[in-house]
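In what follows, a structure is listed as structure tokens, so that the remarks can point back to it.
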Amino acid sequence: MKRTLSLPGLAYGGDYNPEQWPEEVWAEDVRLMAEAGVNMVSVNIFSWALLEPAEGEYDFSRLDRILDMLYCHGIAADLATPTAAPPAWFFKAHPEALPVDHDGRTLSYGSRQTFCPSSPAYRTAALRIAGELGRRYADHPAVVMWHIHNEYGCHNAECYCDTSAQAFRRWLREKYADDLAALNDAWGTTFWSQWYYDWDEIIPPRATGAVPNPTHQLDWRRFCSDELLSLCKAEREVLAQAAPAVPATTNFMVMYNFDALDYWRWAPELDVVSNDHYLRSTDPESEIDIALSGDLVRSLAGGPWLLMEHSTGAVNWQPVNRAKTPGELRRNALAHVAHGADGIAYFQWRAAKAGAEQWHSAMLPHAGTDSVIWQDVVRLGAELRALGEVRGSTGTAETAIVWDWDARWAMEMPSQPSAALRYLDLVRSWYEPLWRSGVAVDFVRPDADLSAYRLVLAPSLYLVDDAGATNLTSFAERGGTLAVGFHSGAVDENCHVRLGGYPGAFREALGVSTDEYFPLLPEETVGLEGGGTGSLWSERVRATGAQTVSAFTDGPLTGVPAITRHGYGAGTAWYVATLPDPDTLAALLKRASDEAGVAPVRTGIPRGIEAVLRRSPTADYLFLIDHLGLGAEVPVAPDAVELLTATPLTNGTVTVPPGGVAVIREVRG
Ligand code: GLA
């Protein structure tokens with residue numbers, strides 16, 4: 001049974017690191033937090049060295065004062081275990097706990113997350129401090145949630161040391177039920193003389209002369225995710241023993257090309273799912289990513305979630321760190337709420353004067369309150385208060401996109417037909433036209449219950465096991481519309497090619513069979529019937545039942561089907577054997593959506609306005625976000641209310657200001 005976070009309204013705040021400042025500054029902090037409407041902050045994330053000055057010796061006096069102060073000012077604490085940054089004394093005593101990278105270099109301490117996830121010394125020390133903290137603050141009235149660790153795997157997702165090798169072997173012995181022959185079979189070790197005669201011969205996939213074994217690498221990725229998850233679960237247990245009623249979270253990073261953890265396995269272990277999201281300076285379209293990541297996190301959580309970190313302005317870890325444009329801070333935060341966030345938090349409260357992140361933006365910038373960011377932060381606080389009633393409401397969708405970390409890991413390993421395939425980019429290409437047209441999307445695992453959906457898309461599913469493949473094809477057979485992207489269904493869960501023609505697992509349902517892939521060179525495109533072009537990929541598809549919707553019009557595959565549609569059972573299955581240009585893909589997905597009976601959340605929404613719906617048992621909350629800076633008039637239900645301005649919309653329309661946001665409550669009758 002999951003514990004819930006009990007806060008009235010939406011949470012608002014950020015990482016609060018008062019230990020970085022003299023105590024005189026704290027009084028100003030809480031005063032300004034009140035001014036900004038901050039009601040929850042994450043504290044203690046990197047405080048281990050201050051809390052435990054020497055092994056087993058504790059000094060909680062500063063944290064006592066911080067939590068008491070927050071409580072006195074009505075600010076809740078999301079209290080972190082400080083285990084992401086072990087102190088220097090720990091590594092002096094346990095140098096064997098330092099991580100070793102892929103090339104065999106032992107990394108040094110001096111930053112953060114420089115520990116081996118399999119280190120027994122680290123586990124002992126982490127659980128000890130988590131236990132001390134849990135027992136001391138279990139009943140502290142400020143503490144409303146445990147924040148376990150910080151961004152697991154951000155810097156140390158993989159450690160290749162001998163201790164990790166032993167842990168990997170233990171994991172493999174469990175997975176293969178102590179049957180080495182089963183491992184040899186799964187890994188295909190007859191290839192290149194890789195046969196293992198003893199478990200002790202197996203090592204992590206360290207730097208080696210040629211391409212490592214694919215299944216070895218894939219099992220390694222699975223192990224690394226599980227190894228960190230076991231640390232998270234161990235901390236969660238220790239905290240739950242001390243404080244059975246307090247919910248626990250840890251901050252995920254589902255985007256920004258971080259792909260180390262299989263969050264489908266992580267999400268069920270946490271009471272509250274939270275996520276960190278940063279924009280890419282180089283991508284002016286990165287507001288799409290807010291929607292995509294929000295929908296993915298909402299799907300992982302099965303409902304509302306918390307945005308644990310994002311930035312008020314520039315970050316400090318990209319080559320050039322772009323500041324946000326006017327209105328962007330507010331638009332970004334409210335877009336996260338639209339996609340299911342029940343709380344908005346930033347890294348961090350007060351911009352640091354010293355240390356590695358001194359050039360990272362914050363809620364309270366170096367310039368202080370005489371700054372645009374501060375004005376925006378205060379305004380946002382008031383607006384989030386005005387949106388308090390959306391808490392607990394959630395989006396629903398009739399369209400699902402299949403998202404699978406195994407498939408992502410496997411497709412992005414070396415020695416594929418093309419090294420240009422990027423899982424996130426492929427999924428984003430298919431997500432984007434749906435986002436632009438206001439179609440709500442859930443993300444699902446291949447073996448998810450699909451009964452709520454009319455349309456299921458698998459833009460990229462290189463690897464799929466039999467159960468996942470059957471689940472997807474039976475969805476079509478029972479009347480659903482399934483669309484599958486190229487190079488999907490190609491291998492099973494052990495990365496073994498499904499023989500007899502691609503796309504292996506989906507061949508029959510799609511009514512096609514491919515005998516050879518023809519990946520395209522980086523700048524190459526291929527013409528498509530109907531006037532569009534394809535990039536990245538082509539293949540010699542033979543229709544074995546499907547009808548050709550569009551064929552390749554030039555190159556060696558002229559006349560060969562590129563996009564096909566197959567009546568399968570009571571439903572329809574599409575195959576897309578290239579990456580169509582955005583207009584062609586949008587038209588294709590529009591047709592598939594129309595045929596499936598999927599509608600946008602609202603019709604008549606002007607171009608550039610993102611429309612997102614959250615629903616409670618009694619009301620619809622329609623978020624309208626202007627991404628083009630043009631503003632618009634949008635029709636709404638009679639008797640609707642715009643919540644940010646508390647305006648009754650008596651004339652049946654709402655004005656979305658240029659670059660702005662409107663949130664409309666429509667009571668269902
Ligand atoms: C991550 C970390 C934070 C901080 C931010 C900076 O999300 O969790 O501690 O380093 O990045 O963007």
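Going by the structure tokens order, chains are called A, B, ..., each with residues numbered from 1, while ligands are numbered from 1 in the order shown.
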Could you pull out all residues of segment 114-157 of chain A with a DSSP call of helix (DSSP H, G or I) and give them as a PyMOL selection string? chain A and resi 120-137
Okay, now the selection with C-alpha atoms, as an mmCIF file, in the first residue's frame?
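Final output, result.cif:
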```
data_model
loop_
_atom_site.group_PDB
_atom_site.id
_atom_site.type_symbol
_atom_site.label_atom_id
_atom_site.label_comp_id
_atom_site.auth_asym_id
_atom_site.auth_seq_id
_atom_site.Cartn_x
_atom_site.Cartn_y
_atom_site.Cartn_z
ATOM 1 C CA PRO A 120 29.649 -3.483 1.037
ATOM 2 C CA ALA A 121 31.403 -0.668 2.940
ATOM 3 C CA TYR A 122 29.334 1.950 1.140
ATOM 4 C CA ARG A 123 26.097 0.031 1.747
ATOM 5 C CA THR A 124 26.865 -0.311 5.444
ATOM 6 C CA ALA A 125 27.761 3.356 5.816
ATOM 7 C CA ALA A 126 24.757 4.539 3.777
ATOM 8 C CA LEU A 127 22.280 2.431 5.716
ATOM 9 C CA ARG A 128 23.836 3.515 8.991
ATOM 10 C CA ILE A 129 23.388 7.237 8.315
ATOM 11 C CA ALA A 130 19.925 6.650 6.799
ATOM 12 C CA GLY A 131 18.925 4.725 9.935
ATOM 13 C CA GLU A 132 20.247 7.419 12.275
ATOM 14 C CA LEU A 133 18.423 10.079 10.316
ATOM 15 C CA GLY A 134 15.215 8.048 10.121
ATOM 16 C CA ARG A 135 15.115 7.384 13.844
ATOM 17 C CA ARG A 136 15.979 10.937 14.794
ATOM 18 C CA TYR A 137 13.440 12.668 12.576
#
```
Can you tell me which residues come within 10 Å of ligand 1 when counting only C-alpha atoms and all ligand atoms, ideally as a VMD selection string? chain A and resid 15 45 to 46 84 112 149 to 152 154 251 to 253 275 to 279 308 to 311 314 to 318 346 to 348 356 to 357 359 to 362
Export of prior selection with C-alpha atoms as an mmCIF file, in the first residue's frame:
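The result, written out as selection.cif:
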```cif
data_model
loop_
_atom_site.group_PDB
_atom_site.id
_atom_site.type_symbol
_atom_site.label_atom_id
_atom_site.label_comp_id
_atom_site.auth_asym_id
_atom_site.auth_seq_id
_atom_site.Cartn_x
_atom_site.Cartn_y
_atom_site.Cartn_z
ATOM 1 C CA ASP A 15 16.541 22.066 -2.906
ATOM 2 C CA ILE A 45 20.753 16.166 0.152
ATOM 3 C CA PHE A 46 24.532 16.544 0.310
ATOM 4 C CA ALA A 84 24.833 10.609 -2.748
ATOM 5 C CA ARG A 112 29.844 13.504 -5.553
ATOM 6 C CA HIS A 149 19.665 9.664 -2.068
ATOM 7 C CA ASN A 150 19.719 11.940 -5.130
ATOM 8 C CA GLU A 151 19.391 11.039 -8.796
ATOM 9 C CA TYR A 152 20.594 7.459 -8.478
ATOM 10 C CA CYS A 154 23.680 10.210 -12.307
ATOM 11 C CA ASN A 251 14.238 11.813 -7.939
ATOM 12 C CA PHE A 252 14.245 10.131 -11.355
ATOM 13 C CA MET A 253 15.750 11.584 -14.516
ATOM 14 C CA ASN A 275 11.429 13.554 -11.589
ATOM 15 C CA ASP A 276 14.101 16.100 -12.451
ATOM 16 C CA HIS A 277 13.965 17.805 -15.813
ATOM 17 C CA TYR A 278 16.353 20.213 -17.485
ATOM 18 C CA LEU A 279 16.093 21.806 -20.898
ATOM 19 C CA MET A 308 11.618 17.589 -7.872
ATOM 20 C CA GLU A 309 14.099 19.710 -9.819
ATOM 21 C CA HIS A 310 14.263 21.979 -12.803
ATOM 22 C CA SER A 311 15.885 25.370 -13.320
ATOM 23 C CA ALA A 314 20.540 28.615 -16.990
ATOM 24 C CA VAL A 315 22.188 25.424 -15.777
ATOM 25 C CA ASN A 316 25.968 25.144 -15.498
ATOM 26 C CA TRP A 317 26.725 21.835 -17.195
ATOM 27 C CA GLN A 318 26.045 22.393 -20.888
ATOM 28 C CA TYR A 346 13.823 23.819 -8.447
ATOM 29 C CA PHE A 347 17.469 23.177 -8.061
ATOM 30 C CA GLN A 348 17.989 25.195 -5.903
ATOM 31 C CA ALA A 356 30.836 23.344 -8.344
ATOM 32 C CA GLU A 357 27.392 24.763 -9.063
ATOM 33 C CA TRP A 359 26.952 29.289 -11.975
ATOM 34 C CA HIS A 360 23.653 27.427 -11.793
ATOM 35 C CA SER A 361 20.489 29.515 -11.608
ATOM 36 C CA ALA A 362 18.263 29.365 -8.532
#
```
Excluding Leu457 of chain A and its own-chain neighbours fewer than 6 positions away, which residues fall within 7 Å of it when counting only C-alpha atoms? Please give them as a PyMOL selection string. chain A and resi 400-402+482-484
Could you pull out the strand (DSSP E or B) residues of segment 400-621 of chain A from DSSP and send them as an mmCIF file with C-alpha atoms, in the first residue's frame?
```cif
data_model
loop_
_atom_site.group_PDB
_atom_site.id
_atom_site.type_symbol
_atom_site.label_atom_id
_atom_site.label_comp_id
_atom_site.auth_asym_id
_atom_site.auth_seq_id
_atom_site.Cartn_x
_atom_site.Cartn_y
_atom_site.Cartn_z
ATOM 1 C CA ALA A 400 -0.248 4.679 -25.838
ATOM 2 C CA ILE A 401 3.379 4.751 -26.891
ATOM 3 C CA VAL A 402 5.451 1.699 -26.008
ATOM 4 C CA VAL A 441 -0.556 10.024 -24.739
ATOM 5 C CA ASP A 442 0.345 7.466 -22.097
ATOM 6 C CA PHE A 443 3.557 5.487 -22.145
ATOM 7 C CA VAL A 444 3.328 1.740 -21.569
ATOM 8 C CA LEU A 455 -4.197 3.311 -30.692
ATOM 9 C CA VAL A 456 -0.866 1.824 -29.650
ATOM 10 C CA LEU A 457 2.392 3.023 -31.195
ATOM 11 C CA ALA A 458 5.729 1.266 -31.024
ATOM 12 C CA LEU A 463 13.982 -5.971 -28.600
ATOM 13 C CA THR A 481 -4.839 0.008 -34.158
ATOM 14 C CA LEU A 482 -1.154 -0.774 -33.789
ATOM 15 C CA ALA A 483 1.647 1.104 -35.582
ATOM 16 C CA VAL A 484 5.208 -0.184 -35.476
ATOM 17 C CA GLY A 485 8.412 1.598 -36.470
ATOM 18 C CA VAL A 491 15.459 -9.677 -31.461
ATOM 19 C CA VAL A 497 17.624 -12.396 -33.975
ATOM 20 C CA TYR A 502 12.133 -8.849 -40.198
ATOM 21 C CA VAL A 512 5.054 -7.853 -44.194
ATOM 22 C CA SER A 513 8.423 -9.552 -44.404
ATOM 23 C CA THR A 514 11.802 -7.892 -44.950
ATOM 24 C CA ASP A 515 14.827 -9.803 -46.209
ATOM 25 C CA GLU A 516 17.398 -7.000 -45.941
ATOM 26 C CA TYR A 517 17.892 -3.663 -44.200
ATOM 27 C CA THR A 525 17.017 10.736 -47.797
ATOM 28 C CA VAL A 526 14.751 8.576 -49.859
ATOM 29 C CA GLY A 527 11.617 9.686 -51.689
ATOM 30 C CA LEU A 528 8.214 8.460 -50.571
ATOM 31 C CA THR A 533 10.893 11.730 -47.801
ATOM 32 C CA GLY A 534 12.332 9.185 -45.410
ATOM 33 C CA SER A 535 15.614 9.370 -43.561
ATOM 34 C CA GLU A 539 14.450 -1.831 -45.988
ATOM 35 C CA ARG A 540 13.335 -4.266 -48.648
ATOM 36 C CA VAL A 541 9.819 -4.903 -47.389
ATOM 37 C CA ARG A 542 7.590 -7.449 -49.119
ATOM 38 C CA ALA A 543 3.885 -7.140 -48.438
ATOM 39 C CA GLN A 547 -1.516 -3.066 -48.429
ATOM 40 C CA THR A 548 1.133 -0.539 -49.444
ATOM 41 C CA VAL A 549 0.228 2.972 -48.328
ATOM 42 C CA SER A 550 3.431 4.524 -49.646
ATOM 43 C CA ALA A 551 6.392 3.064 -51.510
ATOM 44 C CA PHE A 552 9.993 4.264 -51.838
ATOM 45 C CA PRO A 561 6.652 -0.655 -49.664
ATOM 46 C CA ALA A 562 7.760 1.938 -47.113
ATOM 47 C CA ILE A 563 4.529 2.367 -45.155
ATOM 48 C CA THR A 564 2.012 -0.438 -44.978
ATOM 49 C CA ARG A 565 -1.384 -1.090 -43.442
ATOM 50 C CA HIS A 566 -2.732 -4.520 -42.636
ATOM 51 C CA GLY A 567 -6.179 -5.593 -41.503
ATOM 52 C CA TYR A 568 -5.345 -8.024 -38.733
ATOM 53 C CA GLY A 571 -8.005 -4.410 -36.001
ATOM 54 C CA THR A 572 -5.289 -2.790 -38.043
ATOM 55 C CA ALA A 573 -1.500 -2.948 -37.972
ATOM 56 C CA TRP A 574 0.745 -0.354 -39.638
ATOM 57 C CA TYR A 575 4.428 -0.691 -40.425
ATOM 58 C CA VAL A 576 6.650 2.316 -41.014
ATOM 59 C CA LEU A 579 11.667 7.748 -40.548
ATOM 60 C CA PRO A 580 9.205 9.862 -42.552
ATOM 61 C CA ILE A 609 -1.327 26.286 -28.429
ATOM 62 C CA GLU A 610 -0.748 23.104 -26.455
ATOM 63 C CA ALA A 611 -3.976 21.790 -24.928
ATOM 64 C CA VAL A 612 -3.662 19.324 -22.052
ATOM 65 C CA LEU A 613 -6.381 17.933 -19.850
ATOM 66 C CA ARG A 614 -6.269 16.818 -16.223
ATOM 67 C CA ARG A 615 -9.470 15.325 -14.843
ATOM 68 C CA ALA A 619 -14.093 18.700 -13.148
ATOM 69 C CA ASP A 620 -11.900 18.945 -16.232
ATOM 70 C CA TYR A 621 -8.850 21.177 -15.987
#
```
Nearest to Arg665 of chain A among A:Glu96, A:Glu383, A:Glu389, A:Asp581, with distances taken over only C-alpha atoms: which residue is it?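 Ranking A:Glu96, A:Glu383, A:Glu389, A:Asp581 by distance to Arg665 of chain A, first place goes to A:Glu389.
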Which polymer residues have any atom within 8 Å of an atom of segment 326-338 of chain A, counting only C-alpha atoms, with same-chain residues fewer than 5 positions away left out, as a ChimeraX atom specification? /A:287,290-291,294,307,312-313,343-344,376,380,612-614,623,625,659-661
Go ahead and write the selection's residues with all heavy atoms as a short mmCIF file (atom, residue, chain, number, x, y, z; two decimals), in the first residue's frame.
```cif
data_model
loop_
_atom_site.label_atom_id
_atom_site.label_comp_id
_atom_site.auth_asym_id
_atom_site.auth_seq_id
_atom_site.Cartn_x
_atom_site.Cartn_y
_atom_site.Cartn_z
N GLU A 287 10.63 22.47 -25.38
CA GLU A 287 9.39 22.43 -24.59
C GLU A 287 8.58 21.15 -24.88
O GLU A 287 7.78 20.73 -24.06
CB GLU A 287 8.58 23.70 -24.81
CG GLU A 287 9.26 24.89 -24.13
CD GLU A 287 8.49 26.21 -24.20
OE1 GLU A 287 7.29 26.20 -24.48
OE2 GLU A 287 9.12 27.25 -23.96
N ILE A 290 9.27 18.63 -22.26
CA ILE A 290 8.57 18.74 -20.98
C ILE A 290 7.31 17.89 -21.03
O ILE A 290 7.00 17.15 -20.10
CB ILE A 290 8.21 20.21 -20.67
CG1 ILE A 290 9.49 21.00 -20.45
CG2 ILE A 290 7.27 20.30 -19.47
CD1 ILE A 290 9.26 22.47 -20.15
N ALA A 291 6.61 17.98 -22.16
CA ALA A 291 5.39 17.19 -22.31
C ALA A 291 5.71 15.70 -22.34
O ALA A 291 5.08 14.89 -21.64
CB ALA A 291 4.68 17.61 -23.59
N GLY A 294 6.87 14.55 -18.97
CA GLY A 294 5.74 14.57 -18.03
C GLY A 294 4.82 13.40 -18.25
O GLY A 294 4.38 12.73 -17.31
N LEU A 307 7.54 17.26 -9.66
CA LEU A 307 8.75 17.74 -10.33
C LEU A 307 9.72 18.15 -9.23
O LEU A 307 9.53 19.18 -8.58
CB LEU A 307 8.44 18.93 -11.24
CG LEU A 307 9.68 19.45 -11.97
CD1 LEU A 307 10.18 18.45 -12.99
CD2 LEU A 307 9.40 20.79 -12.64
N THR A 312 15.33 27.65 -12.84
CA THR A 312 14.65 28.93 -13.09
C THR A 312 15.27 29.61 -14.31
O THR A 312 14.63 30.43 -14.96
CB THR A 312 14.81 29.88 -11.89
OG1 THR A 312 16.21 30.04 -11.63
CG2 THR A 312 14.10 29.35 -10.66
N GLY A 313 16.53 29.31 -14.60
CA GLY A 313 17.24 29.94 -15.71
C GLY A 313 18.27 28.96 -16.24
O GLY A 313 17.97 27.78 -16.46
N GLY A 343 3.48 19.08 -7.89
CA GLY A 343 4.39 19.95 -7.16
C GLY A 343 5.50 20.38 -8.09
O GLY A 343 5.86 19.65 -9.03
N ILE A 344 6.00 21.58 -7.85
CA ILE A 344 7.03 22.17 -8.72
C ILE A 344 8.20 22.59 -7.83
O ILE A 344 8.02 23.39 -6.90
CB ILE A 344 6.45 23.41 -9.43
CG1 ILE A 344 5.37 22.99 -10.43
CG2 ILE A 344 7.53 24.23 -10.13
CD1 ILE A 344 5.86 22.14 -11.59
N ASP A 376 9.52 36.43 -11.11
CA ASP A 376 8.82 35.29 -11.72
C ASP A 376 8.54 34.20 -10.69
O ASP A 376 7.48 33.56 -10.72
CB ASP A 376 9.67 34.69 -12.85
CG ASP A 376 9.66 35.57 -14.10
OD1 ASP A 376 8.88 36.54 -14.13
OD2 ASP A 376 10.44 35.27 -15.03
N LEU A 380 4.92 32.87 -9.77
CA LEU A 380 4.60 31.45 -9.94
C LEU A 380 4.03 30.86 -8.66
O LEU A 380 3.08 30.07 -8.68
CB LEU A 380 5.85 30.67 -10.39
CG LEU A 380 5.64 29.17 -10.58
CD1 LEU A 380 4.66 28.89 -11.72
CD2 LEU A 380 6.97 28.47 -10.88
N VAL A 612 -3.86 20.53 -22.87
CA VAL A 612 -3.66 19.32 -22.05
C VAL A 612 -4.78 19.27 -21.03
O VAL A 612 -5.15 20.30 -20.46
CB VAL A 612 -2.31 19.36 -21.29
CG1 VAL A 612 -1.95 17.98 -20.75
CG2 VAL A 612 -1.20 19.90 -22.14
N LEU A 613 -5.26 18.08 -20.77
CA LEU A 613 -6.38 17.93 -19.85
C LEU A 613 -5.98 17.11 -18.63
O LEU A 613 -5.37 16.05 -18.76
CB LEU A 613 -7.49 17.19 -20.61
CG LEU A 613 -8.94 17.43 -20.24
CD1 LEU A 613 -9.29 18.92 -20.28
CD2 LEU A 613 -9.83 16.65 -21.21
N ARG A 614 -6.31 17.62 -17.46
CA ARG A 614 -6.27 16.82 -16.22
C ARG A 614 -7.71 16.70 -15.76
O ARG A 614 -8.46 17.66 -15.83
CB ARG A 614 -5.43 17.50 -15.13
CG ARG A 614 -3.94 17.47 -15.38
CD ARG A 614 -3.17 18.15 -14.26
NE ARG A 614 -3.24 17.42 -12.99
CZ ARG A 614 -2.30 17.48 -12.03
NH1 ARG A 614 -1.24 18.25 -12.21
NH2 ARG A 614 -2.44 16.82 -10.90
N PHE A 623 -5.49 22.91 -19.63
CA PHE A 623 -4.30 23.78 -19.66
C PHE A 623 -4.06 24.19 -21.11
O PHE A 623 -3.99 23.33 -22.00
CB PHE A 623 -3.07 23.04 -19.13
CG PHE A 623 -3.08 22.82 -17.64
CD1 PHE A 623 -3.95 21.92 -17.05
CD2 PHE A 623 -2.19 23.52 -16.83
CE1 PHE A 623 -3.95 21.71 -15.67
CE2 PHE A 623 -2.18 23.33 -15.45
CZ PHE A 623 -3.06 22.42 -14.87
N ILE A 625 -1.34 26.27 -23.37
CA ILE A 625 0.02 26.84 -23.27
C ILE A 625 0.43 27.33 -24.65
O ILE A 625 0.41 26.56 -25.62
CB ILE A 625 1.01 25.75 -22.78
CG1 ILE A 625 0.48 25.13 -21.48
CG2 ILE A 625 2.40 26.33 -22.57
CD1 ILE A 625 1.15 23.83 -21.10
N GLY A 659 2.68 33.80 -25.48
CA GLY A 659 3.68 33.12 -24.66
C GLY A 659 3.18 32.73 -23.29
O GLY A 659 3.95 32.31 -22.43
N GLY A 660 1.88 32.84 -23.07
CA GLY A 660 1.33 32.61 -21.73
C GLY A 660 0.59 31.31 -21.59
O GLY A 660 0.65 30.42 -22.45
N VAL A 661 -0.12 31.22 -20.48
CA VAL A 661 -0.81 29.98 -20.11
C VAL A 661 -2.17 30.37 -19.55
O VAL A 661 -2.30 31.39 -18.86
CB VAL A 661 -0.02 29.24 -19.00
CG1 VAL A 661 -0.71 27.93 -18.62
CG2 VAL A 661 1.41 28.96 -19.44
#
```
Separation of atom CA of Ser230 of chain A from atom CA of Ala345 of chain A, in Å and rounded to one decimal: 26.5 Å
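When only C-alpha atoms are used to compute distances to Ala397 of chain A, the closest of the residues A:Val427, A:Leu434, A:Val377, A:Ala240 turns out to be A:Leu434.
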Would you list the contacts of Met255 of chain A as a short mmCIF file (atom, residue, chain, number, x, y, z; two decimals) with all heavy atoms, in the first residue's frame, taking every protein, DNA or RNA residue within 8 Å and counting only C-alpha atoms, but skipping same-chain residues closer than 4 positions in sequence?
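Now in part.cif:
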```
data_model
loop_
_atom_site.label_atom_id
_atom_site.label_comp_id
_atom_site.auth_asym_id
_atom_site.auth_seq_id
_atom_site.Cartn_x
_atom_site.Cartn_y
_atom_site.Cartn_z
N ASP A 259 19.90 7.26 -19.42
CA ASP A 259 19.15 6.04 -19.72
C ASP A 259 19.61 4.86 -18.87
O ASP A 259 19.45 3.71 -19.25
CB ASP A 259 19.29 5.69 -21.20
CG ASP A 259 20.69 5.21 -21.54
OD1 ASP A 259 21.62 5.43 -20.74
OD2 ASP A 259 20.86 4.60 -22.61
N HIS A 277 13.99 17.56 -14.37
CA HIS A 277 13.97 17.80 -15.81
C HIS A 277 14.68 19.11 -16.15
O HIS A 277 14.34 20.16 -15.62
CB HIS A 277 12.52 17.89 -16.32
CG HIS A 277 12.45 18.01 -17.80
ND1 HIS A 277 12.32 16.92 -18.63
CD2 HIS A 277 12.56 19.08 -18.61
CE1 HIS A 277 12.33 17.32 -19.89
NE2 HIS A 277 12.48 18.63 -19.90
N ASP A 289 9.89 18.34 -24.93
CA ASP A 289 10.42 17.36 -23.98
C ASP A 289 9.74 17.44 -22.62
O ASP A 289 9.68 16.45 -21.89
CB ASP A 289 11.93 17.55 -23.80
CG ASP A 289 12.70 17.09 -25.02
OD1 ASP A 289 12.07 16.51 -25.92
OD2 ASP A 289 13.92 17.32 -25.06
N SER A 293 8.38 14.07 -21.24
CA SER A 293 8.86 13.53 -19.97
C SER A 293 7.73 13.52 -18.95
O SER A 293 7.58 12.57 -18.18
CB SER A 293 10.08 14.31 -19.48
OG SER A 293 9.72 15.28 -18.55
#
```
Atom CA of Pro22 of chain A and atom CA of Lys353 of chain A are how many Å apart?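 It comes out at 11.8 Å.
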Could you tell me how far atom CA of Ala632 of chain A lies from atom CA of Val656 of chain A, in Å and to one decimal?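 For atom CA of Ala632 of chain A relative to atom CA of Val656 of chain A, the distance reads 5.2 Å.
In this comparison, which uses only C-alpha atoms, the residue of A:Glu237, A:Asp101, A:Glu227, A:Asp185 approaching Trp146 of chain A most closely is A:Glu237.
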